[in-house]
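Enquirer: My file is final19.txt. It has compact mmCIF, C-alpha atoms:
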```
# COMPACT_ATOMS: atom_id res chain seq x y z
CA MET A 287 -7.48 39.24 3.58
CA ILE A 288 -6.24 35.63 3.36
CA LEU A 289 -8.98 34.39 5.67
CA GLY A 290 -11.57 36.23 3.61
CA ALA A 291 -10.29 34.57 0.42
CA LEU A 292 -10.37 31.14 2.08
CA THR A 293 -13.92 31.71 3.31
CA ALA A 294 -15.07 32.86 -0.12
CA GLY A 295 -13.44 29.85 -1.77
CA LEU A 296 -15.06 27.50 0.71
CA ALA A 297 -18.48 29.09 0.14
CA ILE A 298 -18.13 28.89 -3.65
CA GLY A 299 -16.93 25.27 -3.45
CA LEU A 300 -19.85 24.21 -1.25
CA ALA A 301 -22.32 26.04 -3.47
CA ILE A 302 -21.02 24.26 -6.58
CA ARG A 303 -21.02 20.91 -4.81
CA TYR A 304 -24.61 21.15 -3.64
CA ALA A 305 -25.83 22.69 -6.91
CA SER A 306 -24.34 19.89 -9.01
CA ARG A 307 -25.70 17.05 -6.88
CA PRO A 308 -28.19 14.96 -8.86
CA ASP A 309 -31.62 14.82 -7.21
CA GLU A 310 -32.77 11.71 -9.02
CA LYS A 311 -31.00 8.42 -8.63
CA GLU A 312 -30.53 6.19 -11.61
CA VAL A 313 -32.35 2.89 -11.54
CA LYS A 314 -30.05 0.08 -12.53
CA ILE A 315 -31.63 -2.96 -14.09
CA LYS A 316 -29.93 -6.16 -13.01
CA THR A 317 -29.59 -8.97 -15.47
CA PRO A 318 -29.06 -12.57 -14.38
CA LEU A 319 -25.35 -12.28 -15.31
CA ASP A 320 -24.96 -9.29 -12.98
CA ARG A 321 -26.00 -11.41 -10.02
CA ILE A 322 -23.12 -13.89 -10.49
CA ASN A 323 -20.08 -13.37 -8.30
CA TRP A 324 -17.31 -13.57 -10.92
CA SER A 325 -14.52 -13.29 -8.34
CA VAL A 326 -15.07 -16.95 -7.39
CA LEU A 327 -13.92 -18.00 -10.86
CA THR A 328 -10.76 -15.88 -10.82
CA LEU A 329 -9.53 -16.97 -7.39
CA PRO A 330 -8.18 -20.42 -8.42
CA PHE A 331 -6.17 -18.80 -11.18
CA LEU A 332 -4.62 -16.30 -8.77
CA TRP A 333 -3.41 -18.83 -6.15
CA PRO A 334 -0.16 -19.68 -8.04
CA LEU A 335 0.54 -15.96 -8.36
CA PHE A 336 0.04 -15.44 -4.62
CA ARG A 337 2.25 -18.42 -3.77
CA GLY A 338 5.02 -17.17 -6.04
CA MET A 339 4.85 -13.70 -4.51
CA LYS A 340 4.98 -15.18 -0.99
CA GLU A 341 8.07 -17.27 -1.83
CA LYS A 342 9.86 -14.30 -3.38
CA LEU A 343 9.00 -12.15 -0.37
CA GLU A 344 10.40 -14.79 1.99
CA ASP A 345 13.60 -15.02 -0.07
CA SER A 346 14.04 -11.25 -0.04
CA THR A 347 13.51 -11.03 3.73
CA ASP A 348 16.08 -13.78 4.27
CA SER A 349 18.63 -11.92 2.15
CA ILE A 350 17.95 -8.69 4.05
CA ARG A 351 18.49 -10.48 7.38
CA GLU A 352 21.82 -11.84 6.15
CA GLY A 353 22.82 -8.41 4.92
CA VAL A 354 22.05 -6.83 8.28
CA LYS A 355 24.21 -9.43 10.02
CA ASN A 356 27.08 -8.63 7.63
CA ILE A 357 26.77 -4.89 8.26
CA GLU A 358 27.85 -5.31 11.88
CA ARG A 359 31.22 -6.47 10.60
CA TYR A 360 31.73 -3.03 9.04
CA THR A 361 30.04 -0.86 11.64
CA ASN A 362 31.80 -2.19 14.74
CA PRO A 363 35.28 -0.80 13.79
CA ILE A 364 33.69 2.55 12.92
CA ARG A 365 31.91 2.66 16.28
CA LYS A 366 35.17 1.94 18.09
CA ARG A 367 36.93 4.69 16.14
CA LEU A 368 34.14 7.21 16.90
CA LYS A 369 34.20 6.32 20.60
CA SER A 370 37.96 6.83 20.71
CA TRP A 371 37.58 10.29 19.14
CA THR A 372 34.85 11.38 21.54
CA HIS A 373 36.53 10.15 24.74
```
In structure tokens, write the structure found in this file.

Expert:
Amino acid sequence: MILGALTAGLAIGLAIRYASRPDEKEVKIKTPLDRINWSVLTLPFLWPLFRGMKEKLEDSTDSIREGVKNIERYTNPIRKRLKSWTH
């Protein structure tokens, strides 16, 4: 019964998909302003943002590395205690 419902749903979904597909494609008229690559103008304004993000990312990775080094100070006594309980 479940497989029959899944098959019926798949058939209905495919029928709707193919029935709603437009046969004619729209013709887009390009103006001279559409041909300009506007991303070239925005790139110089985004460089300071990218540099700032890179610096903050480097700072956060450094702090995580220091934190991981400090964790060993706390985990080593716990490891010793667990080993003494298991042996």

Enquirer: Please compute the CA of Trp324 in chain A-CA of Leu343 in chain A distance, one decimal, in Å.

Expert: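 So the two atoms, CA of Trp324 in chain A and CA of Leu343 in chain A, lie 28.4 Å apart.
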
Enquirer: When you draw a straight line from CA of Gly290 in chain A to CA of Ile302 in chain A, how long is it in Å?

Expert: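 Straight-line distance from CA of Gly290 in chain A to CA of Ile302 in chain A works out to 18.3 Å.
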
Enquirer: Kindly give the distance, in Å, that separates CA of Glu352 in chain A and CA of Ser370 in chain A, rounded to a single decimal.

Expert: 28.7 Å
